[in-house]
Each structure stands twice: as C-alpha cells, then as structure tokens.
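Enquirer: Handing over model_24.txt, compact mmCIF, C-alpha atoms.
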```txt
# COMPACT_ATOMS: atom_id res chain seq x y z
CA MET J 1 -182.85 -42.04 27.06
CA GLN J 2 -180.27 -41.59 29.78
CA ILE J 3 -179.92 -37.99 30.98
CA GLU J 4 -177.76 -36.89 33.90
CA GLN J 5 -178.15 -33.56 35.66
CA LEU J 6 -174.76 -31.79 35.82
CA ASP J 7 -175.87 -28.65 37.69
CA SER J 8 -178.98 -26.43 37.91
CA TYR J 9 -178.93 -25.63 34.19
CA ARG J 10 -176.98 -28.37 32.42
CA TRP J 11 -178.02 -31.90 31.46
CA ARG J 12 -175.74 -34.52 29.97
CA ILE J 13 -176.62 -37.26 27.49
CA PRO J 14 -173.59 -39.51 28.08
CA ARG J 15 -171.57 -40.78 25.16
CA GLU J 16 -172.48 -44.33 24.15
CA GLY J 17 -172.27 -46.57 21.10
CA ARG J 18 -170.89 -44.64 18.14
CA MET J 19 -171.35 -41.21 19.69
CA ARG J 20 -168.06 -39.30 19.49
CA VAL J 21 -168.88 -36.78 22.25
CA ASP J 22 -171.50 -36.21 24.97
CA GLY J 23 -174.69 -34.29 24.39
CA ILE J 24 -175.15 -31.26 26.68
CA VAL J 25 -178.50 -29.49 27.01
CA TYR J 26 -179.00 -26.18 28.81
CA ALA J 27 -182.38 -26.07 30.57
CA ASP J 28 -184.02 -25.80 33.98
CA GLU J 29 -186.07 -28.69 35.40
CA ARG J 30 -189.29 -27.45 33.86
CA LEU J 31 -187.89 -26.93 30.36
CA ILE J 32 -186.12 -30.31 30.35
CA ALA J 33 -189.35 -32.01 31.51
CA GLY J 34 -191.08 -30.35 28.57
CA VAL J 35 -188.72 -31.90 26.01
CA ARG J 36 -188.01 -35.25 27.71
CA ASP J 37 -190.14 -37.18 25.24
CA ASP J 38 -189.37 -34.87 22.33
CA PRO J 39 -187.37 -36.19 19.35
CA ALA J 40 -185.15 -33.08 19.74
CA LEU J 41 -183.12 -34.83 22.47
CA THR J 42 -182.56 -37.83 20.21
CA GLN J 43 -181.38 -35.33 17.61
CA VAL J 44 -178.79 -33.90 20.05
CA LYS J 45 -177.57 -37.47 20.47
CA ASN J 46 -177.56 -38.13 16.71
CA VAL J 47 -175.47 -35.01 16.01
CA ALA J 48 -172.86 -36.34 18.49
CA HIS J 49 -172.14 -39.13 15.94
CA LEU J 50 -170.82 -36.75 13.25
CA PRO J 51 -167.12 -37.01 12.28
CA GLY J 52 -164.84 -34.32 13.71
CA ILE J 53 -167.32 -32.93 16.25
CA VAL J 54 -165.42 -31.10 19.02
CA GLY J 55 -166.42 -30.77 22.69
CA ALA J 56 -170.06 -31.78 22.73
CA SER J 57 -173.32 -31.67 20.79
CA PHE J 58 -175.21 -28.79 22.43
CA GLY J 59 -178.90 -28.05 22.95
CA MET J 60 -180.07 -24.59 23.99
CA PRO J 61 -183.11 -24.06 26.30
CA ASP J 62 -185.36 -23.24 23.32
CA ILE J 63 -184.61 -26.60 21.69
CA HIS J 64 -187.23 -28.30 19.53
CA TRP J 65 -187.37 -30.73 16.60
CA GLY J 66 -185.80 -29.63 13.30
CA TYR J 67 -184.63 -31.24 10.05
CA GLY J 68 -181.76 -33.53 11.13
CA PHE J 69 -180.31 -31.19 13.73
CA PRO J 70 -182.56 -29.80 16.46
CA ILE J 71 -183.53 -26.14 16.31
CA GLY J 72 -181.57 -24.68 19.21
CA GLY J 73 -178.57 -26.88 18.38
CA VAL J 74 -174.85 -26.03 18.26
CA ALA J 75 -172.07 -28.25 16.90
CA ALA J 76 -168.46 -27.28 16.15
CA MET J 77 -166.53 -29.39 13.65
CA ASP J 78 -162.76 -29.64 13.31
CA GLU J 79 -161.48 -28.02 10.12
CA GLU J 80 -159.34 -31.01 9.20
CA ASP J 81 -161.39 -34.09 9.99
CA GLY J 82 -164.86 -32.60 10.48
CA VAL J 83 -167.91 -32.29 8.23
CA VAL J 84 -170.46 -29.67 7.24
CA SER J 85 -174.15 -30.59 7.17
CA PRO J 86 -176.91 -28.47 5.59
CA GLY J 87 -179.28 -29.83 8.26
CA GLY J 88 -177.09 -28.06 10.84
CA VAL J 89 -178.12 -24.73 9.33
CA GLY J 90 -181.61 -25.49 8.04
CA TYR J 91 -183.76 -23.98 5.31
CA ASP J 92 -184.03 -20.46 6.73
CA ILE J 93 -180.36 -19.59 6.11
CA ASN J 94 -178.82 -16.77 8.18
CA MET E 1 -194.29 0.77 8.03
CA TYR E 2 -196.80 -1.81 6.79
CA LYS E 3 -197.08 0.21 3.59
CA HIS E 4 -193.32 0.45 3.08
CA VAL E 5 -192.11 -3.08 3.96
CA PRO E 6 -193.56 -5.83 1.72
CA THR E 7 -194.98 -8.72 3.75
CA GLY E 8 -196.45 -12.10 2.88
CA VAL E 9 -195.84 -14.53 0.06
CA GLY E 10 -195.17 -12.87 -3.30
CA ALA E 11 -195.21 -9.28 -2.03
CA HIS E 12 -192.47 -6.95 -3.29
CA ARG E 13 -191.84 -3.29 -4.08
CA ARG E 14 -191.99 -2.24 -7.70
CA ASP E 15 -189.09 0.18 -7.16
CA LEU E 16 -186.63 -2.61 -6.28
CA LYS E 17 -186.15 -5.20 -8.97
CA LEU E 18 -182.71 -6.68 -9.32
CA SER E 19 -180.98 -7.43 -12.61
CA ARG E 20 -178.95 -10.66 -12.62
CA PRO E 21 -175.56 -8.86 -12.27
CA GLU E 22 -176.95 -6.84 -9.34
CA LEU E 23 -178.25 -9.98 -7.62
CA MET E 24 -174.80 -11.54 -7.99
CA ARG E 25 -173.30 -8.47 -6.30
CA VAL E 26 -175.79 -8.77 -3.43
CA LEU E 27 -174.70 -12.39 -2.91
CA ALA E 28 -171.01 -11.44 -2.94
CA GLU E 29 -171.18 -8.22 -0.91
CA GLY E 30 -174.14 -8.56 1.50
CA ALA E 31 -175.23 -5.48 3.45
CA ALA E 32 -172.46 -3.34 1.92
CA TRP E 33 -174.25 -3.62 -1.45
CA ALA E 34 -177.41 -2.16 0.08
CA ILE E 35 -175.58 0.77 1.63
CA LYS E 36 -173.73 1.54 -1.61
CA GLU E 37 -177.12 1.63 -3.34
CA GLY E 38 -178.44 4.13 -0.80
CA PHE E 39 -180.29 1.75 1.52
CA GLY E 40 -178.84 2.88 4.83
CA TRP E 41 -176.01 4.80 6.40
CA ARG E 42 -172.33 4.15 6.00
CA GLY E 43 -171.75 3.19 9.67
CA ASP E 44 -174.52 0.58 9.65
CA VAL E 45 -172.31 -2.36 8.62
CA ASP E 46 -170.00 -1.84 11.60
CA ASN E 47 -172.75 -3.20 13.86
CA LEU E 48 -173.69 -6.29 11.86
CA GLU E 49 -172.34 -9.79 12.57
CA GLU E 50 -169.34 -10.36 10.25
CA GLY E 51 -169.82 -6.77 9.03
CA GLY E 52 -172.86 -7.99 7.09
CA CYS E 53 -170.81 -10.09 4.66
CA ILE E 54 -169.49 -13.63 5.01
CA ARG E 55 -166.21 -14.12 3.21
CA GLY E 56 -165.95 -17.09 0.90
CA ALA E 57 -169.41 -16.56 -0.58
CA ASP E 58 -169.53 -17.59 -4.23
CA PRO E 59 -172.66 -16.56 -6.16
CA GLU E 60 -171.68 -18.98 -8.95
CA GLN E 61 -172.49 -21.88 -6.61
CA VAL E 62 -176.10 -20.72 -6.22
CA SER E 63 -178.43 -22.62 -8.58
CA GLU E 64 -180.49 -21.02 -11.32
CA ARG E 65 -183.69 -21.93 -9.47
CA ALA E 66 -182.43 -20.27 -6.26
CA LEU E 67 -181.46 -17.11 -8.16
CA GLU E 68 -184.90 -16.98 -9.76
CA ARG E 69 -186.55 -17.26 -6.37
CA GLY E 70 -184.32 -14.53 -4.91
CA ALA E 71 -184.53 -11.98 -7.73
CA GLY E 72 -187.85 -10.47 -6.61
CA GLN E 73 -187.51 -11.07 -2.87
CA LEU E 74 -184.81 -8.65 -1.70
CA GLY E 75 -186.37 -6.21 0.77
CA THR E 76 -189.28 -8.50 1.65
CA LEU E 77 -190.22 -9.83 5.07
CA GLY E 78 -191.77 -13.16 4.04
CA SER E 79 -194.20 -15.16 6.14
CA GLY E 80 -194.00 -17.78 8.90
CA ASN E 81 -192.25 -16.60 12.06
CA HIS E 82 -190.72 -13.56 10.34
CA PHE E 83 -191.84 -10.14 11.52
CA ALA E 84 -191.08 -6.45 11.88
CA GLU E 85 -192.03 -5.06 15.24
CA ILE E 86 -192.26 -1.62 16.84
CA GLN E 87 -191.40 -2.06 20.50
CA TYR E 88 -190.48 -0.05 23.57
CA VAL E 89 -187.93 -0.74 26.29
CA THR E 90 -189.76 -1.82 29.44
CA GLU E 91 -186.89 -2.86 31.62
CA ILE E 92 -183.14 -2.46 31.88
CA TYR E 93 -181.34 -5.21 33.82
CA ASP E 94 -177.77 -4.00 33.35
CA GLU E 95 -177.33 -0.21 33.20
CA ARG E 96 -173.69 -0.23 32.10
CA ILE E 97 -174.20 -2.56 29.16
CA ALA E 98 -177.52 -0.95 28.16
CA GLU E 99 -175.79 2.42 28.00
CA ALA E 100 -173.10 1.03 25.69
CA PHE E 101 -175.85 -0.48 23.49
CA GLY E 102 -177.65 2.90 23.49
CA LEU E 103 -180.77 1.48 25.20
CA PHE E 104 -182.89 3.17 27.90
CA VAL E 105 -186.35 2.72 29.47
CA ASP E 106 -189.32 3.87 27.32
CA GLN E 107 -187.16 4.14 24.22
CA ILE E 108 -188.83 3.07 20.97
CA THR E 109 -187.05 0.24 19.15
CA VAL E 110 -187.72 -1.71 15.96
CA MET E 111 -186.82 -5.38 15.58
CA ILE E 112 -186.72 -7.11 12.19
CA HIS E 113 -186.70 -10.90 11.92
CA SER E 114 -186.19 -12.15 8.39
CA GLY E 115 -183.62 -14.12 6.42
CA SER E 116 -182.59 -15.27 2.96
CA ARG E 117 -186.18 -16.03 1.86
CA GLY E 118 -186.79 -18.46 -1.02
CA LEU E 119 -183.21 -18.17 -2.23
CA GLY E 120 -181.79 -19.68 0.97
CA HIS E 121 -184.51 -22.30 1.10
CA GLN E 122 -183.59 -23.43 -2.40
CA VAL E 123 -179.85 -23.49 -1.56
CA CYS E 124 -180.60 -25.85 1.34
CA GLU E 125 -182.81 -28.06 -0.80
CA ASP E 126 -180.24 -28.22 -3.63
CA HIS E 127 -177.38 -29.20 -1.35
CA LEU E 128 -179.26 -31.71 0.80
CA ARG E 129 -179.65 -33.77 -2.34
CA VAL E 130 -175.91 -33.56 -3.05
CA MET E 131 -174.99 -34.34 0.56
CA VAL E 132 -177.00 -37.57 0.74
CA GLN E 133 -174.81 -38.93 -2.04
CA ALA E 134 -171.64 -37.37 -0.63
CA ALA E 135 -172.15 -39.02 2.78
CA ALA E 136 -172.40 -42.41 1.05
CA ARG E 137 -169.40 -41.71 -1.19
CA TYR E 138 -167.15 -40.77 1.75
CA GLY E 139 -168.40 -43.71 3.82
CA ILE E 140 -169.88 -41.60 6.63
CA GLU E 141 -172.22 -43.68 8.79
CA LEU E 142 -175.20 -41.69 9.97
CA PRO E 143 -177.86 -42.49 12.57
CA ASP E 144 -180.32 -40.36 10.55
CA ARG E 145 -180.25 -39.66 6.80
CA GLN E 146 -181.26 -36.07 7.49
CA LEU E 147 -177.77 -35.53 8.97
CA CYS E 148 -176.25 -35.98 5.51
CA CYS E 149 -172.93 -34.18 5.30
CA ALA E 150 -169.52 -34.09 3.61
CA PRO E 151 -165.94 -33.72 4.90
CA LEU E 152 -164.99 -30.03 5.15
CA SER E 153 -162.08 -30.68 2.78
CA SER E 154 -164.35 -32.13 0.04
CA PRO E 155 -165.55 -30.24 -3.06
CA GLU E 156 -169.18 -30.89 -2.00
CA ALA E 157 -168.63 -29.17 1.35
CA LYS E 158 -166.78 -26.24 -0.25
CA ARG E 159 -169.58 -25.71 -2.75
CA TYR E 160 -172.26 -25.85 -0.05
CA LEU E 161 -170.38 -23.39 2.20
CA ALA E 162 -169.86 -21.00 -0.74
CA ALA E 163 -173.56 -21.12 -1.70
CA MET E 164 -174.80 -20.98 1.91
CA SER E 165 -172.56 -17.94 2.60
CA ALA E 166 -173.97 -16.26 -0.54
CA ALA E 167 -177.49 -16.89 0.79
CA ALA E 168 -176.40 -15.47 4.17
CA ASN E 169 -175.21 -12.32 2.39
CA PHE E 170 -178.61 -12.04 0.70
CA ALA E 171 -180.17 -12.15 4.17
CA PHE E 172 -177.87 -9.38 5.48
CA ALA E 173 -178.76 -7.19 2.48
CA ASN E 174 -182.47 -8.05 2.86
CA ARG E 175 -182.61 -6.82 6.46
CA GLN E 176 -180.50 -3.77 5.62
CA VAL E 177 -182.93 -2.71 2.88
CA MET E 178 -185.93 -3.22 5.19
CA ALA E 179 -184.21 -1.32 8.02
CA HIS E 180 -183.79 1.58 5.61
CA TRP E 181 -187.49 1.51 4.69
CA VAL E 182 -188.40 1.38 8.38
CA ARG E 183 -186.38 4.56 8.93
CA GLU E 184 -188.13 6.18 5.96
CA SER E 185 -191.52 5.13 7.37
CA PHE E 186 -190.79 6.78 10.73
CA ALA E 187 -189.41 9.91 9.05
CA ALA E 188 -192.53 10.18 6.86
CA ALA E 189 -194.91 9.59 9.78
CA LEU E 190 -193.13 12.15 11.96
CA GLY E 191 -192.54 14.63 9.13
CA ILE E 192 -188.79 14.86 9.76
CA PRO E 193 -185.70 14.02 7.68
CA VAL E 194 -184.51 10.38 7.95
CA GLU E 195 -181.24 11.47 9.58
CA ARG E 196 -183.17 13.03 12.47
CA THR E 197 -184.99 9.82 13.41
CA GLY E 198 -181.89 8.81 15.39
CA MET E 199 -182.57 5.20 14.41
CA SER E 200 -179.14 3.63 14.61
CA VAL E 201 -178.50 -0.10 14.29
CA VAL E 202 -177.81 -1.75 17.66
CA TYR E 203 -176.82 -5.07 16.10
CA ASP E 204 -177.74 -7.73 13.56
CA VAL E 205 -177.26 -11.42 14.34
CA CYS E 206 -177.41 -14.67 12.40
CA HIS E 207 -179.14 -17.63 14.00
CA ASN E 208 -179.08 -20.27 11.24
CA ILE E 209 -175.52 -20.50 9.95
CA ALA E 210 -172.33 -22.56 9.76
CA LYS E 211 -169.04 -20.68 9.60
CA PHE E 212 -165.38 -20.95 10.46
CA GLU E 213 -164.42 -19.39 13.77
CA THR E 214 -161.33 -19.78 15.95
CA PHE E 215 -161.55 -21.11 19.51
CA THR E 216 -159.01 -22.13 22.11
CA VAL E 217 -159.61 -25.82 22.84
CA GLU E 218 -157.42 -27.44 25.51
CA GLY E 219 -154.90 -24.60 25.24
CA ARG E 220 -154.64 -24.78 21.44
CA ASP E 221 -156.18 -22.40 18.88
CA ARG E 222 -158.35 -24.35 16.47
CA ARG E 223 -160.35 -23.27 13.45
CA LEU E 224 -163.77 -24.87 13.68
CA CYS E 225 -166.83 -24.91 11.49
CA VAL E 226 -169.48 -23.88 14.03
CA HIS E 227 -173.03 -24.91 13.12
CA ARG E 228 -175.63 -22.74 14.85
CA LYS E 229 -179.17 -23.73 14.02
CA GLY E 230 -181.66 -21.72 16.00
CA ALA E 231 -178.76 -20.50 18.09
CA THR E 232 -177.09 -17.10 18.30
CA ARG E 233 -173.44 -16.14 18.52
CA ALA E 234 -172.64 -14.56 21.89
CA TYR E 235 -169.02 -13.37 21.83
CA PRO E 236 -167.47 -12.12 25.09
CA PRO E 237 -166.03 -8.73 26.02
CA GLY E 238 -162.67 -8.12 24.38
CA HIS E 239 -163.25 -10.38 21.37
CA PRO E 240 -161.70 -8.85 18.21
CA ALA E 241 -164.85 -9.67 16.13
CA THR E 242 -167.01 -7.51 18.40
CA PRO E 243 -167.50 -3.91 17.16
CA ALA E 244 -165.48 -1.28 19.05
CA PRO E 245 -168.45 0.29 20.95
CA TYR E 246 -169.23 -3.14 22.46
CA ARG E 247 -165.66 -4.30 23.12
CA GLU E 248 -166.06 -3.79 26.89
CA THR E 249 -169.54 -5.28 27.20
CA GLY E 250 -169.65 -8.29 24.89
CA GLN E 251 -171.57 -8.68 21.66
CA PRO E 252 -175.26 -7.70 21.64
CA VAL E 253 -177.56 -10.73 21.29
CA LEU E 254 -181.14 -10.26 20.04
CA ILE E 255 -183.76 -12.73 21.28
CA PRO E 256 -187.21 -12.33 19.74
CA GLY E 257 -190.17 -13.63 21.74
CA ASP E 258 -193.76 -14.10 20.62
CA MET E 259 -195.76 -11.14 19.30
CA GLY E 260 -197.89 -10.68 22.43
CA ARG E 261 -195.31 -10.68 25.21
CA TYR E 262 -191.72 -9.46 24.93
CA SER E 263 -188.30 -9.81 23.35
CA TYR E 264 -184.87 -9.43 24.93
CA VAL E 265 -181.46 -7.95 24.32
CA LEU E 266 -178.60 -9.85 25.96
CA ALA E 267 -174.80 -9.58 25.87
CA GLY E 268 -172.26 -12.31 25.08
CA THR E 269 -170.02 -13.75 27.82
CA GLN E 270 -166.68 -15.43 28.41
CA ARG E 271 -168.51 -18.53 29.67
CA ALA E 272 -170.35 -18.93 26.36
CA TYR E 273 -167.01 -18.62 24.60
CA GLU E 274 -165.54 -21.37 26.81
CA GLN E 275 -168.54 -23.72 27.08
CA THR E 276 -170.64 -23.50 23.90
CA PHE E 277 -168.31 -22.12 21.21
CA GLY E 278 -169.68 -18.63 21.84
CA SER E 279 -173.34 -19.57 21.43
CA THR E 280 -176.64 -18.97 23.19
CA CYS E 281 -180.40 -19.39 22.58
CA HIS E 282 -182.30 -17.72 19.72
CA GLY E 283 -185.93 -17.33 20.79
CA ALA E 284 -188.90 -18.76 22.60
CA GLY E 285 -189.24 -22.10 20.86
CA ARG E 286 -192.61 -23.45 19.75
CA ARG E 287 -195.02 -25.00 22.25
CA LEU E 288 -197.67 -25.87 19.65
CA SER E 289 -197.13 -27.00 16.06
CA ARG E 290 -198.44 -24.67 13.36
CA ALA E 291 -201.46 -26.93 12.79
CA ALA E 292 -202.20 -27.19 16.53
CA ALA E 293 -201.92 -23.41 16.89
CA LYS E 294 -204.43 -22.93 14.07
CA ARG E 295 -206.84 -25.35 15.76
CA ALA E 296 -206.41 -23.62 19.13
CA SER E 297 -207.09 -20.21 17.58
CA ARG E 298 -210.54 -21.18 16.33
CA GLY E 299 -213.25 -19.03 17.84
CA HIS E 300 -210.72 -16.39 18.96
CA ALA E 301 -210.78 -12.85 17.62
CA LEU E 302 -206.98 -12.76 17.56
CA LEU E 303 -206.50 -9.22 16.30
CA ARG E 304 -208.95 -7.90 18.92
CA GLU E 305 -207.27 -9.92 21.68
CA MET E 306 -203.89 -8.54 20.66
CA GLU E 307 -205.27 -5.02 20.63
CA ASP E 308 -206.59 -5.53 24.16
CA ARG E 309 -202.99 -6.33 25.12
CA GLY E 310 -201.89 -3.05 23.54
CA VAL E 311 -200.45 -4.63 20.38
CA VAL E 312 -201.62 -3.61 16.91
CA VAL E 313 -201.08 -6.44 14.41
CA MET E 314 -201.10 -5.91 10.66
CA ALA E 315 -200.75 -9.05 8.56
CA ALA E 316 -200.96 -10.14 4.95
CA GLY E 317 -202.92 -13.25 5.99
CA MET E 318 -204.83 -14.35 9.08
CA ALA E 319 -203.49 -17.92 8.80
CA THR E 320 -200.01 -16.69 9.77
CA VAL E 321 -201.41 -14.73 12.72
CA ALA E 322 -203.12 -17.92 13.96
CA GLU E 323 -199.93 -19.98 13.61
CA GLU E 324 -197.94 -17.28 15.36
CA MET E 325 -200.30 -16.43 18.21
CA PRO E 326 -198.57 -15.93 21.58
CA ASP E 327 -199.90 -19.22 23.02
CA ALA E 328 -198.10 -21.13 20.25
CA TYR E 329 -194.78 -20.26 21.90
CA LYS E 330 -193.10 -20.97 25.19
CA ASP E 331 -192.51 -17.95 27.43
CA VAL E 332 -189.21 -16.55 26.15
CA ALA E 333 -188.52 -15.17 29.65
CA ASP E 334 -188.01 -18.79 30.84
CA VAL E 335 -185.48 -19.43 28.06
CA VAL E 336 -183.65 -16.17 28.75
CA ARG E 337 -183.53 -16.88 32.50
CA VAL E 338 -181.72 -20.16 31.82
CA VAL E 339 -179.04 -18.68 29.55
CA HIS E 340 -178.58 -15.77 31.98
CA GLU E 341 -178.30 -18.00 35.08
CA ALA E 342 -176.10 -20.51 33.24
CA GLY E 343 -173.83 -17.62 32.26
CA LEU E 344 -174.14 -18.06 28.48
CA SER E 345 -175.27 -14.44 28.16
CA THR E 346 -176.16 -11.46 30.34
CA ARG E 347 -179.71 -10.11 30.41
CA VAL E 348 -179.62 -6.43 29.37
CA ALA E 349 -183.08 -5.20 28.33
CA GLN E 350 -186.68 -6.28 27.83
CA LEU E 351 -188.68 -4.94 24.88
CA ARG E 352 -192.48 -5.06 24.54
CA PRO E 353 -194.26 -4.94 21.18
CA ILE E 354 -196.79 -2.23 20.32
CA GLY E 355 -197.04 -2.75 16.58
CA VAL E 356 -196.37 -5.99 14.70
CA ILE E 357 -196.17 -6.62 10.96
CA LYS E 358 -196.53 -10.25 9.87
CA GLY E 359 -196.44 -11.96 6.51
```
For the file at hand, write its structure as structure tokens.
Expert:
Amino acid sequence: MQIEQLDSYRWRIPREGRMRVDGIVYADERLIAGVRDDPALTQVKNVAHLPGIVGASFGMPDIHWGYGFPIGGVAAMDEEDGVVSPGGVGYDIN
Amino acid sequence: MYKHVPTGVGAHRRDLKLSRPELMRVLAEGAAWAIKEGFGWRGDVDNLEEGGCIRGADPEQVSERALERGAGQLGTLGSGNHFAEIQYVTEIYDERIAEAFGLFVDQITVMIHSGSRGLGHQVCEDHLRVMVQAAARYGIELPDRQLCCAPLSSPEAKRYLAAMSAAANFAFANRQVMAHWVRESFAAALGIPVERTGMSVVYDVCHNIAKFETFTVEGRDRRLCVHRKGATRAYPPGHPATPAPYRETGQPVLIPGDMGRYSYVLAGTQRAYEQTFGSTCHGAGRRLSRAAAKRASRGHALLREMEDRGVVVMAAGMATVAEEMPDAYKDVADVVRVVHEAGLSTRVAQLRPIGVIKG
C-alpha cells in the first residue's frame, strides 16, 4: 500500500480508485512500522470509500484491526448525503 | 472495592435489579437516572460527556434480547479489557491545566473503564444484520461487507442511532452507579462519610460512539455524524460543550494504559478540532492477540509479578488477567507522545496503578 509521510507524525494514504477522501494516520516512524503490514491500514482505506465522508478517514496512533472500521478510527459523515455504520462504533458501545 | 463492584461474567449485586420500566428510563435518561436514584451527587453529570445522556435515544428501538441482557448488568464491570483501578498521580506535565482538573502529584485517583455491556453488544449485532440488507437496498458499494451502513436520512439509520444512543445512556448510567459504589468502598474502608472522601468526577468520556456534532468545514458550519471507534473526543478550550470549569483548558481526555504501567489524562486542543473533528487516541492498543497473550503468559506467576511491580490485582478469572497482562499492550506513553507532539491533545498528568480490579 502506498503511504506518504506528511510530517513527523502524519502519514497519508492517497485517494485512489473509489476512495472519496485520503486516509490520514497519526503515528511516529516506529508505530507506523509496527502497523505497516496490519489490516488496520487497509481498513482506514476502506472507510474512505463510504458515502458522505468529510475531510479524511483517520487513524490514531493506537490503531489496530477491528470489525469493519479499525479500532482507533475516526470518520465524520455529512448529515445530508452521509451514512452511519455500526462497524464504525463497534460492539462495546460508548 | 472488589467486594462492592461486581466483576466478571454474570456477576451482579442483589440490591440492584431493574424492572422493565426502570430499565427503559435508564436508556432514556442515562447518568441522570442513576443520580435521581441516589447513585451519586447532583453535580456529577456536569462533568460527563454530553452530560451523561445522548439526546435522541429511543428505548423502544432496543430489541427484547438486548433488554434481557441488560436487565441484570447495570452496575457491573464486565470482563475483557474493562477494569476499575486505584491509581496515584506520578507526574504533572502542565500545572495550569492540572490545577483546573483538580489533579496534583501523589493524589489518589480511581479510573473506571466499562461500557454498555451485553445490551450494547446485542444492539450492534441486531443492527449489523439490518445494515447488510440496507446497504444493498440503497445501492451502496462497499469494499468490505463489514462496513455495512445506511444513509443517515433512512429509517434504518435512524433506528440504529436511536438504539445505539440508548445503549450509550446505559453505559453512562453503568459507570455512574459503579463510581458511587467506589466512593462507598473508600468511605467504608476509611470509616468516614461518603461526602468527606472528596472523590469528585474529573470527567467521563465515550470512545466507541457515533453522534451528531457541528464543525466548521471550509468556513461553513456543518452538522456531521462523527464515528469514533477506539477514539476519544478532545474538544478545545472555549468550546460550548465543555463544562465551565474546563472552558479555559480544553476538555479532559482519559487514556487508560495497561494494568502494569500507567494511564494518562490529556486535554483537548484547537488543532484536534481543526484536523480530526475533535478526536484523539483512546488507549495503548494491543500488541498481542488475546490468544497470543495467553500463550505468552504460560509459566508466569502473573499476580506475583504484578505485586512485585507494586500493583495488587483482584480478578474474577485468571484467563482475563493473562489476556490483559502488560506485555499484551503497546506502551501507551508512545501513543500519548504522538498525540501530544502532533497537537491533537496536551499531556497533563500520568497516573500509576496500585490496585486493579478485572473481570
């Protein structure tokens, strides 16, 4: 997967194919190396495909694999043309 | 504390059993229900995210099965990564903010990590099934079926949000009830009235939630449904949703670490508001899967090893302790350093555990 370093703590998964926005992951070099081959980064990319997503699909430095969305994931959806996904909250609600 | 707060699968207190109408009120009112029933102090809700109640919750959208699972679980910690921890403040990184949060070095704190228990789990399960069909019906193409979803304007989405918010309110009430029992435990142990424990609520955060919040995007105010999954809200100084005592400092953010090392208190920032829809990290993140952690723990006297570190662990089952051992997690200090340096939140205090209760 293509990942570009934006600055010391931000990494960009550039928009491609049917992605609607970029993926942005917050991490230092060691933490990003630790998740490079982890499905969690693919999940950040997958979330970027959702209708109405605004800004970017975000990954926090504690990111790891979760159901659909990564744990450590943030996605904001437009009220009018966006969606809600139970996988974006998970089983352990609140 | 271990005696007062039920931990582990199936544990509950005989003196708290909810009738169906009461459970429906918990789902509608959240933490306010608990305080009305005597579990806590009136000012407590002021320091909870959303005041401890998400508007738009509709208990009628919660399935029979979910209600059954929830009826006996209010005021229970559960198992997995949930815990209640007695800690002390080891380090203050920002004196001004710490003072506003009421934190100082060597102070004793208690951190509770628990959620909506089986009720919330069932709500998720129920609605995933609906959403798989909804995504197909509305012609939403998905790279992964697990991302199943529905347009926010659809009845499926409205029903999910109403049920999920009700589960969130159950979680607020759950922690409020346990916080009350923690206060009672300290009062009993110290032989003083509960009011004299001085145990006020610093804050209570969600970290698995989707809710409508307003953000300025490209100069325009927009109402967005912000999904935070394993992510914490981190509102900046001056935000109207931040309680008055924290208006100058930014919202308190609680970041639990593993049970052997430390946890952190941070404060929200303007940069988080601008860059990540007011969001930051939520914890350490697993390094080992649960199964791998169990394998790695073989031959270790975990409770003894924790005691050597100065941490007393009391648990309903040793399997959970093995899954949750410190080595199973990344060092939360590394995670916190990134969000601090990236400006998503400000590091305020470090807390070290001395007593841990696990399910």
Enquirer: Please determine, counting all atoms listed in the file, which residue among E:Gly359, E:Leu344, E:Tyr2, E:Leu152 has the shortest atom-to-atom distance to Ser185 (chain E).
Expert: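 Ranked by minimum distance to Ser185 (chain E), first place goes to E:Tyr2.
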Enquirer: As an exercise, work out the distance from CA of Val110 (chain E) to CA of Lys358 (chain E) in Å and give it to one decimal place.
Expert: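 We find that CA of Val110 (chain E) and CA of Lys358 (chain E) lie 13.7 Å from each other.
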Enquirer: Counting all atoms listed in the file, which of J:Val25, J:Phe69, J:Thr42, J:Met19 gets nearest to Tyr91 (chain J)?
Expert: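 Going through J:Val25, J:Phe69, J:Thr42, J:Met19 one by one, the smallest distance to Tyr91 (chain J) is for J:Phe69.
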Enquirer: Write out as a ChimeraX atom specification which residues come within 9 Å of region 54-62 of chain J when counting all atoms listed in the file, dropping same-chain ones fewer than 2 positions away.
Expert: /J:20-28,31-32,40-41,44-49,52,64,70-78,82 /E:217,224,230-231,275-277,279-286,330,332,334-336,338-339
Enquirer: Kindly give the distance, in Å, that separates CA of Lys158 (chain E) and CA of Ser85 (chain J), rounded to a single decimal.
Expert: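 According to the coordinates, CA of Lys158 (chain E) and CA of Ser85 (chain J) are separated by 11.3 Å.
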Enquirer: For Ser8 (chain J), list every protein, DNA or RNA residue within 9 Å, evaluated using all atoms listed in the file, and leave out those in the same chain fewer than 2 positions away; present the list as a list of chain:residue names.
Expert: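 Residues near the query, excluding close chain neighbours: J:Gln5, J:Leu6, J:Arg10, J:Trp11, J:Ala27, J:Asp28, J:Glu29, E:Glu341, E:Ala342.
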Enquirer: Please indicate the distance in Å from CA of Arg25 (chain E) to CA of Ala166 (chain E), rounded to one decimal place.
Expert: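 Straight-line distance from CA of Arg25 (chain E) to CA of Ala166 (chain E) works out to 9.7 Å.
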Enquirer: Between E:Thr90, E:Thr249, E:Ser289, E:Gln270, single out the one closest to chain J, counting all atoms listed in the file.
Expert: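 Among the listed residues, the smallest separation from chain J belongs to E:Ser289.
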Enquirer: Pick the closest to chain J from E:Ala316, E:Ala11, E:Val205, E:Ala187: which is it, counting all atoms listed in the file?
Expert: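 Nearest to chain J: E:Val205.
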Enquirer: Nearest residue to Arg261 (chain E) out of E:Met306, E:Leu128, E:Val45, E:Val9, using only C-alpha atoms?
Expert: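 Under the stated criterion, the closest residue is E:Met306.
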Enquirer: Closest to Gln122 (chain E) among E:Val62, E:Ile92, E:Leu147, E:Leu77, using all atoms listed in the file?
Expert: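 Nearest candidate to Gln122 (chain E) out of E:Val62, E:Ile92, E:Leu147, E:Leu77: E:Val62.
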